[in-house]
file final.tsv (TSV, C-alpha atoms)
chain	number	residue	atom	x	y	z
A	1	MET	CA	0.00	0.00	0.00
A	2	ASN	CA	1.25	3.44	-0.90
A	3	SER	CA	0.00	7.04	-0.75
A	4	GLU	CA	1.39	10.30	-2.07
A	5	ILE	CA	0.20	13.91	-2.03
A	6	LYS	CA	1.53	16.38	-4.56
A	7	THR	CA	0.47	19.69	-6.08
A	8	PHE	CA	-2.06	19.39	-8.91
A	9	GLY	CA	-2.03	23.10	-9.73
A	10	THR	CA	-3.04	26.54	-8.52
A	11	LEU	CA	-6.43	28.24	-8.69
A	12	ASP	CA	-6.83	31.79	-9.99
A	13	ASP	CA	-6.90	33.10	-6.40
A	14	GLY	CA	-3.58	31.43	-5.60
A	15	ARG	CA	-4.86	28.49	-3.57
A	16	GLU	CA	-3.06	25.22	-4.14
A	17	VAL	CA	-4.95	22.13	-5.29
A	18	LYS	CA	-3.64	18.77	-4.11
A	19	LEU	CA	-3.62	15.47	-5.98
A	20	VAL	CA	-3.60	12.33	-3.84
A	21	THR	CA	-2.42	9.01	-5.32
A	22	LEU	CA	-3.24	5.71	-3.62
A	23	SER	CA	-2.12	2.19	-4.51
A	24	ALA	CA	-3.34	-1.07	-2.98
A	25	GLY	CA	-3.95	-4.53	-4.34
A	26	GLU	CA	-3.63	-4.06	-8.10
A	27	LEU	CA	-5.48	-0.73	-8.26
A	28	THR	CA	-4.23	2.86	-8.37
A	29	LEU	CA	-6.51	5.81	-7.59
A	30	THR	CA	-5.94	9.56	-7.88
A	31	VAL	CA	-8.22	12.13	-6.24
A	32	SER	CA	-8.10	15.93	-6.41
A	33	SER	CA	-8.85	18.22	-3.48
A	34	LEU	CA	-10.87	20.47	-5.82
A	35	GLY	CA	-14.35	19.06	-5.41
A	36	ALA	CA	-12.90	15.93	-3.75
A	37	THR	CA	-12.84	14.63	-7.32
A	38	LEU	CA	-12.04	11.09	-8.46
A	39	VAL	CA	-9.54	11.80	-11.24
A	40	SER	CA	-8.39	8.32	-12.33
A	41	LEU	CA	-8.68	4.66	-11.38
A	42	SER	CA	-6.29	2.19	-13.01
A	43	VAL	CA	-7.63	-1.36	-13.15
A	44	PRO	CA	-6.02	-4.45	-14.75
A	45	SER	CA	-7.78	-6.86	-17.09
A	46	ARG	CA	-7.05	-10.42	-18.12
A	47	LEU	CA	-7.47	-9.59	-21.82
A	48	HIS	CA	-6.29	-6.03	-22.53
A	49	GLY	CA	-3.86	-4.81	-19.86
A	50	VAL	CA	-4.35	-1.92	-17.46
A	51	ASP	CA	-6.79	0.92	-18.17
A	52	ASP	CA	-8.04	4.06	-16.49
A	53	VAL	CA	-11.78	3.37	-16.08
A	54	LEU	CA	-12.87	6.91	-15.10
A	55	LEU	CA	-13.78	9.73	-17.48
A	56	GLY	CA	-11.95	12.96	-16.73
A	57	TYR	CA	-9.58	15.67	-17.91
A	58	ASP	CA	-5.84	15.93	-18.42
A	59	GLY	CA	-5.25	18.76	-15.97
A	60	LEU	CA	-6.66	21.15	-13.41
A	61	GLU	CA	-8.07	23.53	-16.02
A	62	GLY	CA	-10.67	20.98	-17.10
A	63	TYR	CA	-11.69	20.21	-13.53
A	64	SER	CA	-11.98	23.92	-12.70
A	65	ALA	CA	-14.80	24.22	-15.25
A	66	ASN	CA	-16.24	20.66	-15.12
A	67	ARG	CA	-19.80	21.47	-16.12
A	68	TYR	CA	-20.72	17.76	-16.20
A	69	TYR	CA	-19.45	16.95	-12.68
A	70	LEU	CA	-16.91	14.37	-13.92
A	71	GLY	CA	-15.71	12.57	-10.79
A	72	THR	CA	-16.83	15.20	-8.29
A	73	THR	CA	-18.22	14.85	-4.78
A	74	VAL	CA	-21.56	16.66	-4.66
A	75	GLY	CA	-23.52	18.20	-1.75
A	76	ARG	CA	-24.95	19.51	0.49
A	77	PHE	CA	-27.77	17.73	-1.28
A	78	ALA	CA	-27.08	15.56	-4.33
A	79	ASN	CA	-29.60	15.38	-7.19
A	80	ARG	CA	-32.62	17.69	-7.47
A	81	ILE	CA	-34.66	19.75	-5.04
A	82	ASN	CA	-37.90	20.85	-6.68
A	83	GLY	CA	-38.54	24.59	-6.71
A	84	ALA	CA	-35.15	25.12	-5.06
A	85	ARG	CA	-36.95	25.26	-1.72
A	86	PHE	CA	-38.17	23.10	1.15
A	87	SER	CA	-39.91	23.47	4.51
A	88	LEU	CA	-38.34	22.27	7.74
A	89	ASN	CA	-39.72	22.66	11.26
A	90	GLY	CA	-42.26	25.21	10.11
A	91	ARG	CA	-39.81	27.40	8.20
A	92	GLU	CA	-39.32	27.60	4.45
A	93	TYR	CA	-35.81	27.65	3.03
A	94	GLY	CA	-34.85	28.81	-0.44
A	95	VAL	CA	-31.69	27.20	-1.76
A	96	SER	CA	-29.42	28.00	-4.68
A	97	ALA	CA	-31.17	27.38	-8.03
A	98	ASN	CA	-28.83	26.34	-10.85
A	99	LYS	CA	-31.48	24.77	-13.07
A	100	PRO	CA	-34.92	26.13	-14.03
A	101	ASP	CA	-37.00	26.06	-10.81
A	102	CYS	CA	-34.61	23.51	-9.35
A	103	SER	CA	-31.48	23.12	-7.26
A	104	LEU	CA	-29.14	20.44	-8.62
A	105	HIS	CA	-26.21	18.89	-6.72
A	106	GLY	CA	-26.07	21.60	-4.06
A	107	GLY	CA	-26.57	24.69	-6.22
A	108	VAL	CA	-24.36	27.20	-7.99
A	109	MET	CA	-21.46	26.78	-5.55
A	110	GLY	CA	-22.08	23.28	-4.28
A	111	PHE	CA	-19.38	21.09	-2.78
A	112	SER	CA	-18.16	20.00	-6.24
A	113	LYS	CA	-16.90	23.55	-6.84
A	114	LEU	CA	-15.08	23.97	-3.53
A	115	LEU	CA	-11.54	23.27	-2.34
A	116	TRP	CA	-11.37	20.58	0.35
A	117	SER	CA	-8.47	19.91	2.71
A	118	ALA	CA	-6.61	16.67	1.94
A	119	ASP	CA	-4.79	14.08	3.99
A	120	THR	CA	-4.11	10.32	3.91
A	121	TYR	CA	-4.40	7.52	6.45
A	122	ARG	CA	-4.29	3.73	6.71
A	123	ASP	CA	-6.85	1.40	8.23
A	124	GLY	CA	-5.95	-2.29	8.27
A	125	ASP	CA	-5.35	-3.47	4.70
A	126	ALA	CA	-6.71	-0.21	3.23
A	127	VAL	CA	-5.22	3.19	2.42
A	128	PHE	CA	-7.42	6.30	2.23
A	129	ALA	CA	-7.46	9.87	1.02
A	130	ARG	CA	-9.58	11.94	3.41
A	131	PHE	CA	-11.06	15.27	2.37
A	132	GLU	CA	-12.73	17.74	4.74
A	133	LEU	CA	-14.86	20.82	4.16
A	134	PHE	CA	-16.65	23.39	6.33
A	135	SER	CA	-19.94	24.76	5.02
A	136	PRO	CA	-21.19	27.76	7.06
A	137	ASP	CA	-24.78	28.46	8.05
A	138	CYS	CA	-26.82	29.71	5.05
A	139	ASP	CA	-24.30	28.38	2.53
A	140	GLN	CA	-26.33	28.12	-0.71
A	141	GLY	CA	-29.39	28.72	1.52
A	142	TYR	CA	-28.99	25.63	3.72
A	143	PRO	CA	-29.36	25.93	7.51
A	144	GLY	CA	-26.64	25.17	10.02
A	145	ASN	CA	-22.87	25.01	10.19
A	146	LEU	CA	-21.89	21.73	8.58
A	147	LYS	CA	-18.58	19.85	8.65
A	148	ALA	CA	-18.33	17.28	5.86
A	149	SER	CA	-15.71	14.66	5.16
A	150	VAL	CA	-15.33	12.05	2.48
A	151	SER	CA	-12.77	9.27	2.41
A	152	TYR	CA	-11.92	7.40	-0.76
A	153	GLY	CA	-9.71	4.36	-0.37
A	154	LEU	CA	-8.34	1.13	-1.81
A	155	ASN	CA	-7.72	-2.18	-0.11
A	156	ALA	CA	-5.88	-5.42	-0.79
A	157	GLU	CA	-9.10	-7.01	-2.11
A	158	ASN	CA	-9.16	-4.60	-5.07
A	159	GLU	CA	-12.03	-2.59	-3.70
A	160	LEU	CA	-12.68	1.13	-4.06
A	161	LEU	CA	-14.13	2.33	-0.75
A	162	ALA	CA	-16.17	5.49	-0.19
A	163	HIS	CA	-17.14	6.82	3.24
A	164	TYR	CA	-19.26	9.99	3.60
A	165	GLU	CA	-19.65	11.77	6.94
A	166	ALA	CA	-21.19	15.06	8.07
A	167	VAL	CA	-22.17	16.78	11.31
A	168	CYS	CA	-24.36	19.87	11.49
A	169	ASP	CA	-25.37	22.10	14.40
A	170	ALA	CA	-28.93	22.52	13.08
A	171	PRO	CA	-31.37	20.22	11.29
A	172	CYS	CA	-30.53	20.18	7.58
A	173	PRO	CA	-31.07	17.94	4.55
A	174	VAL	CA	-27.78	16.19	3.67
A	175	ASN	CA	-27.08	13.93	0.71
A	176	LEU	CA	-23.46	13.40	-0.30
A	177	THR	CA	-22.34	11.26	-3.23
A	178	HIS	CA	-19.75	11.05	-5.97
A	179	HIS	CA	-20.38	11.65	-9.67
A	180	ALA	CA	-17.75	9.37	-11.22
A	181	TYR	CA	-18.35	8.25	-14.81
A	182	PHE	CA	-17.19	4.66	-15.29
A	183	ASN	CA	-16.18	3.00	-18.53
A	184	LEU	CA	-14.92	-0.49	-17.72
A	185	ALA	CA	-13.45	-0.90	-21.21
A	186	GLY	CA	-11.09	1.99	-20.42
A	187	GLN	CA	-11.85	5.66	-20.91
A	188	GLY	CA	-9.37	6.03	-23.77
A	189	ARG	CA	-10.66	3.26	-26.08
A	190	ASN	CA	-13.53	5.26	-27.63
A	191	ILE	CA	-15.93	2.44	-26.76
A	192	ASP	CA	-19.34	3.40	-25.37
A	193	VAL	CA	-20.96	1.61	-22.43
A	194	LEU	CA	-23.99	0.22	-24.27
A	195	SER	CA	-22.46	-3.28	-24.40
A	196	THR	CA	-21.64	-3.25	-20.67
A	197	ARG	CA	-23.81	-5.87	-19.01
A	198	VAL	CA	-25.65	-4.81	-15.86
A	199	LYS	CA	-27.50	-6.57	-13.07
A	200	LEU	CA	-29.21	-4.43	-10.42
A	201	TYR	CA	-30.67	-5.54	-7.12
A	202	SER	CA	-33.47	-3.03	-7.56
A	203	SER	CA	-37.17	-3.90	-7.83
A	204	SER	CA	-38.45	-0.32	-8.00
A	205	TYR	CA	-37.46	3.18	-9.00
A	206	VAL	CA	-38.41	6.75	-8.11
A	207	GLU	CA	-41.22	7.91	-10.39
A	208	VAL	CA	-40.74	11.40	-11.85
A	209	ASP	CA	-42.98	13.82	-13.72
A	210	ASP	CA	-42.35	15.49	-17.10
A	211	HIS	CA	-39.90	17.88	-15.42
A	212	PHE	CA	-37.85	15.00	-13.92
A	213	MET	CA	-39.18	15.76	-10.44
A	214	PRO	CA	-40.25	12.92	-8.10
A	215	THR	CA	-43.95	12.36	-7.63
A	216	GLY	CA	-43.34	10.82	-4.21
A	217	ARG	CA	-44.05	7.30	-5.41
A	218	LEU	CA	-41.91	4.27	-6.16
A	219	LYS	CA	-42.84	2.22	-9.22
A	220	SER	CA	-42.03	-1.39	-10.03
A	221	VAL	CA	-39.38	-2.00	-12.68
A	222	GLU	CA	-41.48	-4.91	-13.99
A	223	GLY	CA	-42.11	-4.56	-17.72
A	224	THR	CA	-39.99	-1.41	-18.08
A	225	PRO	CA	-36.52	-0.70	-19.54
A	226	LEU	CA	-35.42	-0.23	-15.91
A	227	ASP	CA	-35.69	-3.93	-15.15
A	228	PHE	CA	-32.08	-5.06	-14.69
A	229	ARG	CA	-32.88	-7.83	-12.23
A	230	THR	CA	-31.55	-10.24	-14.84
A	231	GLU	CA	-28.20	-9.21	-16.35
A	232	LYS	CA	-28.49	-7.49	-19.73
A	233	PRO	CA	-26.52	-4.98	-21.83
A	234	ILE	CA	-27.19	-1.32	-21.04
A	235	GLY	CA	-28.19	-0.78	-24.67
A	236	GLN	CA	-30.67	-3.66	-24.91
A	237	ASP	CA	-33.78	-1.71	-23.86
A	238	ILE	CA	-32.51	1.86	-24.01
A	239	ALA	CA	-34.23	2.88	-27.28
A	240	PRO	CA	-37.49	4.31	-25.85
A	241	LEU	CA	-35.51	6.25	-23.26
A	242	ALA	CA	-32.98	7.47	-25.84
A	243	GLU	CA	-35.85	8.90	-27.84
A	244	SER	CA	-37.34	10.64	-24.80
A	245	SER	CA	-36.32	13.93	-23.20
A	246	LEU	CA	-34.06	11.98	-20.82
A	247	GLY	CA	-31.91	10.68	-23.69
A	248	GLY	CA	-31.20	7.40	-21.90
A	249	TYR	CA	-31.03	6.12	-18.35
A	250	ASP	CA	-31.16	8.87	-15.72
A	251	HIS	CA	-33.19	7.32	-12.91
A	252	CYS	CA	-32.95	6.91	-9.18
A	253	MET	CA	-33.15	3.18	-8.55
A	254	ALA	CA	-34.33	2.06	-5.12
A	255	ALA	CA	-31.83	-0.41	-3.69
A	256	ASP	CA	-33.43	-3.61	-2.41
A	257	GLY	CA	-32.86	-4.44	1.24
A	258	GLU	CA	-32.70	-2.35	4.39
A	259	PHE	CA	-31.11	1.04	3.92
A	260	GLY	CA	-28.48	1.87	6.50
A	261	THR	CA	-26.94	-1.59	6.06
A	262	LEU	CA	-24.18	-2.33	3.55
A	263	ARG	CA	-25.84	-4.52	0.90
A	264	PRO	CA	-25.32	-5.44	-2.77
A	265	PHE	CA	-26.78	-3.14	-5.39
A	266	GLY	CA	-25.30	-3.96	-8.77
A	267	GLU	CA	-22.87	-5.88	-10.97
A	268	PHE	CA	-21.34	-4.40	-14.13
A	269	PHE	CA	-19.48	-6.57	-16.64
A	270	GLU	CA	-17.53	-5.31	-19.65
A	271	PRO	CA	-17.14	-8.13	-22.24
A	272	LEU	CA	-14.13	-6.78	-24.17
A	273	THR	CA	-11.80	-6.61	-21.17
A	274	GLY	CA	-13.52	-9.07	-18.84
A	275	ARG	CA	-13.68	-6.50	-16.04
A	276	ARG	CA	-16.49	-6.78	-13.52
A	277	MET	CA	-17.42	-4.20	-10.89
A	278	LYS	CA	-19.66	-5.13	-7.96
A	279	MET	CA	-21.27	-2.30	-6.00
A	280	SER	CA	-22.60	-2.30	-2.43
A	281	LEU	CA	-24.03	0.62	-0.47
A	282	THR	CA	-25.83	1.77	2.68
A	283	GLN	CA	-27.96	4.51	1.07
A	284	PRO	CA	-31.61	4.08	-0.05
A	285	GLY	CA	-30.94	4.47	-3.77
A	286	VAL	CA	-28.59	5.00	-6.69
A	287	GLN	CA	-28.87	7.42	-9.57
A	288	PHE	CA	-28.14	5.34	-12.66
A	289	TYR	CA	-27.08	7.69	-15.47
A	290	THR	CA	-25.63	6.82	-18.87
A	291	GLY	CA	-23.98	10.13	-19.77
A	292	ASN	CA	-26.87	11.14	-22.02
A	293	MET	CA	-25.98	14.84	-21.94
A	294	LEU	CA	-22.28	14.55	-22.74
A	295	PRO	CA	-21.99	16.62	-25.94
A	296	GLY	CA	-18.56	15.52	-27.17
A	297	ILE	CA	-16.23	17.17	-24.66
A	298	ALA	CA	-12.44	16.85	-24.73
A	299	GLY	CA	-11.28	14.31	-22.16
A	300	LYS	CA	-8.01	12.67	-21.19
A	301	GLY	CA	-5.41	12.23	-23.90
A	302	GLY	CA	-7.63	13.74	-26.58
A	303	THR	CA	-10.46	11.25	-26.04
A	304	VAL	CA	-13.84	12.73	-26.90
A	305	TYR	CA	-16.69	11.98	-24.49
A	306	GLY	CA	-20.07	11.89	-26.18
A	307	ARG	CA	-23.38	10.31	-25.34
A	308	TYR	CA	-22.99	6.98	-23.48
A	309	SER	CA	-19.22	7.35	-23.03
A	310	GLY	CA	-19.61	6.43	-19.37
A	311	PHE	CA	-22.16	5.48	-16.76
A	312	CYS	CA	-22.69	6.84	-13.25
A	313	VAL	CA	-23.93	4.90	-10.24
A	314	GLU	CA	-24.36	7.56	-7.55
A	315	PRO	CA	-25.31	6.21	-4.10
A	316	GLU	CA	-27.77	8.64	-2.55
A	317	PHE	CA	-30.93	9.46	-0.70
A	318	PHE	CA	-33.80	9.90	-3.14
A	319	PRO	CA	-34.01	13.18	-5.09
A	320	ASP	CA	-36.27	15.91	-3.67
A	321	THR	CA	-36.48	14.04	-0.36
A	322	PRO	CA	-36.83	17.33	1.61
A	323	ASN	CA	-40.22	17.81	-0.13
A	324	GLN	CA	-41.31	14.14	-0.08
A	325	PRO	CA	-42.42	12.97	3.40
A	326	ALA	CA	-42.87	9.37	2.20
A	327	PHE	CA	-39.18	9.03	1.30
A	328	PRO	CA	-36.52	7.91	3.83
A	329	ASN	CA	-35.61	10.82	6.08
A	330	ALA	CA	-32.57	12.79	4.87
A	331	VAL	CA	-32.60	15.47	7.58
A	332	PHE	CA	-29.51	15.34	9.78
A	333	GLY	CA	-28.22	17.51	12.60
A	334	PRO	CA	-27.84	17.45	16.38
A	335	GLY	CA	-28.35	13.87	17.53
A	336	ARG	CA	-28.20	12.42	14.02
A	337	ASP	CA	-24.91	12.51	12.11
A	338	TYR	CA	-24.59	11.60	8.43
A	339	ASN	CA	-22.59	8.39	7.94
A	340	GLU	CA	-22.89	6.43	4.67
A	341	LYS	CA	-20.66	4.01	2.76
A	342	ALA	CA	-20.30	2.50	-0.69
A	343	VAL	CA	-17.95	-0.21	-1.98
A	344	TYR	CA	-16.90	-0.99	-5.58
A	345	LYS	CA	-15.14	-4.33	-5.97
A	346	PHE	CA	-13.20	-5.04	-9.17
A	347	GLU	CA	-12.59	-8.46	-10.70
A	348	TRP	CA	-11.07	-9.50	-14.03
call {"tool": "encode", "arguments": {"input": "final.tsv", "output": "structure tokens"}}
result
Amino acid sequence: MNSEIKTFGTLDDGREVKLVTLSAGELTLTVSSLGATLVSLSVPSRLHGVDDVLLGYDGLEGYSANRYYLGTTVGRFANRINGARFSLNGREYGVSANKPDCSLHGGVMGFSKLLWSADTYRDGDAVFARFELFSPDCDQGYPGNLKASVSYGLNAENELLAHYEAVCDAPCPVNLTHHAYFNLAGQGRNIDVLSTRVKLYSSSYVEVDDHFMPTGRLKSVEGTPLDFRTEKPIGQDIAPLAESSLGGYDHCMAADGEFGTLRPFGEFFEPLTGRRMKMSLTQPGVQFYTGNMLPGIAGKGGTVYGRYSGFCVEPEFFPDTPNQPAFPNAVFGPGRDYNEKAVYKFEW
């Protein structure tokens, strides 16, 4: 196991951005302190050597703009909040709106845009990069002084580990996740993810209206393109979604089992390289997104990322939970700290 911290670059205001490199098992991970961003993940294969399986940019300049959240940690509240407002304990809060009548991934200056502190530590057979951030009361409209931390690590079992923590001195909705785009064939091969085979332990999904906002109901995946209970290629049933305003998969899948416990959610198999990724989580759901809005941006080494160049599996509380009383409670604060985990195991 090894860890290293070096300078990634300097922001316009002179602050230094760190790049942390971790190695354990046969994996190597790099994470930037700007947005606590997953920059690269090198994974072997039995057929085609070692590849970086994360979409990203060559340098800090790309991550400083990063309109599509490639690799970032998002918060205070990941996904959408309808109307960019919610009521809590009899008071209405307006939060930063960065989409029409909507707050997405924490607003205009959400956690993905901020500089986190960076350090490393070891825990048993794992090595971690730990990032910390202080978000003051009223930041982007949210109540309470919040201290957030996220640890990304690797262990000897070839697992990528994610641990999200937050404490707040007032009740506040909290929903932290990462927005990594995976391509298990390797991000530089110009191969889309439609042939990647997926199995999800998810029997229902969050129903949304024509504006992509939750209705408050969960619907069965039975008879829909969202039924991945039996392994199938991502592209097999995508056509009706590709022709819709969504452009492909962009759905919050409810994870079967008891939330709060670490349990399996999905398996992802790439046939060209033979890589398989198995995901477990403690959160209620996962946003499954197939990069439908990627317009052909310049990525690492001149690779162009267009539609379906990568897929995201973002562990999270359900979108718009602050306005949906039937959803699992995502309000944290005094007496209830935020503490969630996700694990991505790689095989080849």
call {"tool": "residues_around", "arguments": {"input": "final.tsv", "residues": "Gly83 (chain A)", "least_positions_apart": "6", "cutoff": "9 Å", "atoms": "all atoms listed in the file", "output": "compact mmCIF listing (two decimals) with C-alpha atoms, in the frame of the given file"}}
result
# COMPACT_ATOMS: atom_id res chain seq x y z
CA GLY A 94 -34.85 28.81 -0.44
CA VAL A 95 -31.69 27.20 -1.76
CA ALA A 97 -31.17 27.38 -8.03
CA PRO A 100 -34.92 26.13 -14.03
CA ASP A 101 -37.00 26.06 -10.81
CA CYS A 102 -34.61 23.51 -9.35
CA SER A 103 -31.48 23.12 -7.26
call {"tool": "residues_near_point", "arguments": {"input": "final.tsv", "point": "(-26.2, -7.0, -13.7)", "cutoff": "9 Å", "atoms": "all atoms listed in the file", "output": "number ranges by chain"}}
result
A: 197-201, 228-233, 266-269, 278
call {"tool": "atom_distance", "arguments": {"input": "final.tsv", "atom1": "CA of Pro214 (chain A)", "atom2": "CA of Met293 (chain A)"}}
result
20.0 Å
call {"tool": "residues_around", "arguments": {"input": "final.tsv", "residues": "Ser195 (chain A)", "least_positions_apart": "6", "cutoff": "10 Å", "atoms": "only C-alpha atoms", "output": "list in words"}}
result
Ala185, Lys232, Pro233, Ile234, Gly235, Gln236, Phe269, Glu270, Pro271 and Leu272 of chain A
call {"tool": "write_last_selection", "arguments": {"input": "final.tsv", "atoms": "C-alpha atoms", "output": "PDB file, keeping the file's coordinate frame"}}
result
ATOM      1  CA  ALA A 185     -13.450  -0.900 -21.210  1.00  0.00           C
ATOM      2  CA  LYS A 232     -28.490  -7.490 -19.730  1.00  0.00           C
ATOM      3  CA  PRO A 233     -26.520  -4.980 -21.830  1.00  0.00           C
ATOM      4  CA  ILE A 234     -27.190  -1.320 -21.040  1.00  0.00           C
ATOM      5  CA  GLY A 235     -28.190  -0.780 -24.670  1.00  0.00           C
ATOM      6  CA  GLN A 236     -30.670  -3.660 -24.910  1.00  0.00           C
ATOM      7  CA  PHE A 269     -19.480  -6.570 -16.640  1.00  0.00           C
ATOM      8  CA  GLU A 270     -17.530  -5.310 -19.650  1.00  0.00           C
ATOM      9  CA  PRO A 271     -17.140  -8.130 -22.240  1.00  0.00           C
ATOM     10  CA  LEU A 272     -14.130  -6.780 -24.170  1.00  0.00           C
TER      11      LEU A 272
END
call {"tool": "closest_residue", "arguments": {"input": "final.tsv", "among": "A:Ser32, A:Gln140, A:Asn145, A:Ser202", "to": "Ala84 (chain A)", "atoms": "all atoms listed in the file"}}
result
A:Gln140
call {"tool": "closest_atom_pairs", "arguments": {"input": "final.tsv", "of": "region 183-244 of chain A", "to": "region 254-264 of chain A", "cutoff": "10 Å", "atoms": "only C-alpha atoms", "output": "CSV"}}
result
residue,atom,partner,partner_atom,distance
A:Leu200,CA,A:Ala255,CA,8.3
A:Tyr201,CA,A:Asp256,CA,5.8
A:Ser202,CA,A:Ala255,CA,5.0
A:Ser203,CA,A:Asp256,CA,6.6
A:Ser204,CA,A:Ala254,CA,5.6
A:Tyr205,CA,A:Ala254,CA,5.1
A:Val206,CA,A:Ala254,CA,6.9
A:Leu218,CA,A:Ala254,CA,8.0
A:Lys219,CA,A:Ala254,CA,9.4
A:Ser220,CA,A:Ala254,CA,9.8
A:Val221,CA,A:Ala254,CA,10.0
call {"tool": "closest_atom_pairs", "arguments": {"input": "final.tsv", "of": "region 236-318 of chain A", "to": "region 322-329 of chain A", "cutoff": "8 Å", "atoms": "all atoms listed in the file", "output": "CSV"}}
result
residue,atom,partner,partner_atom,distance
A:Pro284,CA,A:Pro328,CA,7.3
A:Phe317,CA,A:Pro328,CA,7.4
A:Phe318,CA,A:Phe327,CA,7.0
call {"tool": "residues_around", "arguments": {"input": "final.tsv", "residues": "region 334-346 of chain A", "least_positions_apart": "5", "cutoff": "6 Å", "atoms": "only C-alpha atoms", "output": "list of chain:residue names"}}
result
A:Asn158, A:Glu159, A:Leu160, A:Leu161, A:Ala162, A:His163, A:Tyr164, A:Glu165, A:Ala166, A:Val167, A:Asp169, A:Arg276, A:Met277, A:Lys278, A:Met279, A:Ser280, A:Leu281, A:Thr282
call {"tool": "atom_distance", "arguments": {"input": "final.tsv", "atom1": "CA of Asn98 (chain A)", "atom2": "CA of His211 (chain A)"}}
result
14.7 Å
call {"tool": "closest_residue", "arguments": {"input": "final.tsv", "among": "A:Asn89, A:Ser309, A:Ser245, A:Thr273", "to": "Leu47 (chain A)", "atoms": "only C-alpha atoms"}}
result
A:Thr273
call {"tool": "closest_residue", "arguments": {"input": "final.tsv", "among": "A:Arg76, A:Lys113, A:Val150, A:Leu55", "to": "Ser135 (chain A)", "atoms": "only C-alpha atoms"}}
result
A:Arg76
call {"tool": "atom_distance", "arguments": {"input": "final.tsv", "atom1": "CA of Leu176 (chain A)", "atom2": "CA of Pro315 (chain A)"}}
result
8.3 Å
call {"tool": "residues_around", "arguments": {"input": "final.tsv", "residues": "Tyr69 (chain A)", "least_positions_apart": "2", "cutoff": "8 Å", "atoms": "only C-alpha atoms", "output": "PyMOL selection string"}}
result
chain A and resi 66-67+71-72+112+179-180
call {"tool": "write_last_selection", "arguments": {"input": "final.tsv", "atoms": "C-alpha atoms", "output": "JSON list (two decimals), keeping the file's coordinate frame"}}
result
[["chain", "number", "residue", "atom", "x", "y", "z"],
["A", 66, "ASN", "CA", -16.24, 20.66, -15.12],
["A", 67, "ARG", "CA", -19.80, 21.47, -16.12],
["A", 71, "GLY", "CA", -15.71, 12.57, -10.79],
["A", 72, "THR", "CA", -16.83, 15.20, -8.29],
["A", 112, "SER", "CA", -18.16, 20.00, -6.24],
["A", 179, "HIS", "CA", -20.38, 11.65, -9.67],
["A", 180, "ALA", "CA", -17.75, 9.37, -11.22]]
call {"tool": "closest_residue", "arguments": {"input": "final.tsv", "among": "A:Leu54, A:Cys138, A:Leu27, A:Ile81", "to": "Pro319 (chain A)", "atoms": "all atoms listed in the file"}}
result
A:Ile81
call {"tool": "decode", "arguments": {"input": "final.tsv", "residues": "region 228-237 of chain A", "atoms": "N, CA, C and O atoms", "output": "mmCIF file, in the first residue's frame"}}
result
data_model
loop_
_atom_site.group_PDB
_atom_site.id
_atom_site.type_symbol
_atom_site.label_atom_id
_atom_site.label_comp_id
_atom_site.auth_asym_id
_atom_site.auth_seq_id
_atom_site.Cartn_x
_atom_site.Cartn_y
_atom_site.Cartn_z
ATOM 1 N N PHE A 228 -33.404 -4.450 -14.557
ATOM 2 C CA PHE A 228 -32.076 -5.064 -14.692
ATOM 3 C C PHE A 228 -31.901 -6.186 -13.680
ATOM 4 O O PHE A 228 -30.778 -6.528 -13.317
ATOM 5 N N ARG A 229 -32.990 -6.767 -13.227
ATOM 6 C CA ARG A 229 -32.879 -7.829 -12.226
ATOM 7 C C ARG A 229 -32.219 -9.073 -12.810
ATOM 8 O O ARG A 229 -31.626 -9.869 -12.082
ATOM 9 N N THR A 230 -32.327 -9.241 -14.107
ATOM 10 C CA THR A 230 -31.552 -10.235 -14.841
ATOM 11 C C THR A 230 -30.521 -9.495 -15.686
ATOM 12 O O THR A 230 -30.868 -8.520 -16.359
ATOM 13 N N GLU A 231 -29.266 -9.939 -15.660
ATOM 14 C CA GLU A 231 -28.199 -9.211 -16.346
ATOM 15 C C GLU A 231 -28.515 -9.017 -17.824
ATOM 16 O O GLU A 231 -28.951 -9.949 -18.512
ATOM 17 N N LYS A 232 -28.284 -7.813 -18.312
ATOM 18 C CA LYS A 232 -28.488 -7.494 -19.726
ATOM 19 C C LYS A 232 -27.594 -6.319 -20.103
ATOM 20 O O LYS A 232 -27.153 -5.552 -19.237
ATOM 21 N N PRO A 233 -27.298 -6.144 -21.394
ATOM 22 C CA PRO A 233 -26.521 -4.977 -21.830
ATOM 23 C C PRO A 233 -27.285 -3.681 -21.580
ATOM 24 O O PRO A 233 -28.518 -3.637 -21.711
ATOM 25 N N ILE A 234 -26.562 -2.624 -21.250
ATOM 26 C CA ILE A 234 -27.190 -1.324 -21.044
ATOM 27 C C ILE A 234 -28.014 -0.918 -22.268
ATOM 28 O O ILE A 234 -29.105 -0.356 -22.148
ATOM 29 N N GLY A 235 -27.517 -1.225 -23.450
ATOM 30 C CA GLY A 235 -28.189 -0.784 -24.669
ATOM 31 C C GLY A 235 -29.386 -1.605 -25.090
ATOM 32 O O GLY A 235 -30.115 -1.214 -26.015
ATOM 33 N N GLN A 236 -29.627 -2.740 -24.425
ATOM 34 C CA GLN A 236 -30.669 -3.658 -24.910
ATOM 35 C C GLN A 236 -32.052 -3.014 -24.975
ATOM 36 O O GLN A 236 -32.771 -3.171 -25.969
ATOM 37 N N ASP A 237 -32.433 -2.286 -23.929
ATOM 38 C CA ASP A 237 -33.778 -1.709 -23.856
ATOM 39 C C ASP A 237 -33.762 -0.187 -23.781
ATOM 40 O O ASP A 237 -34.754 0.435 -23.366
#
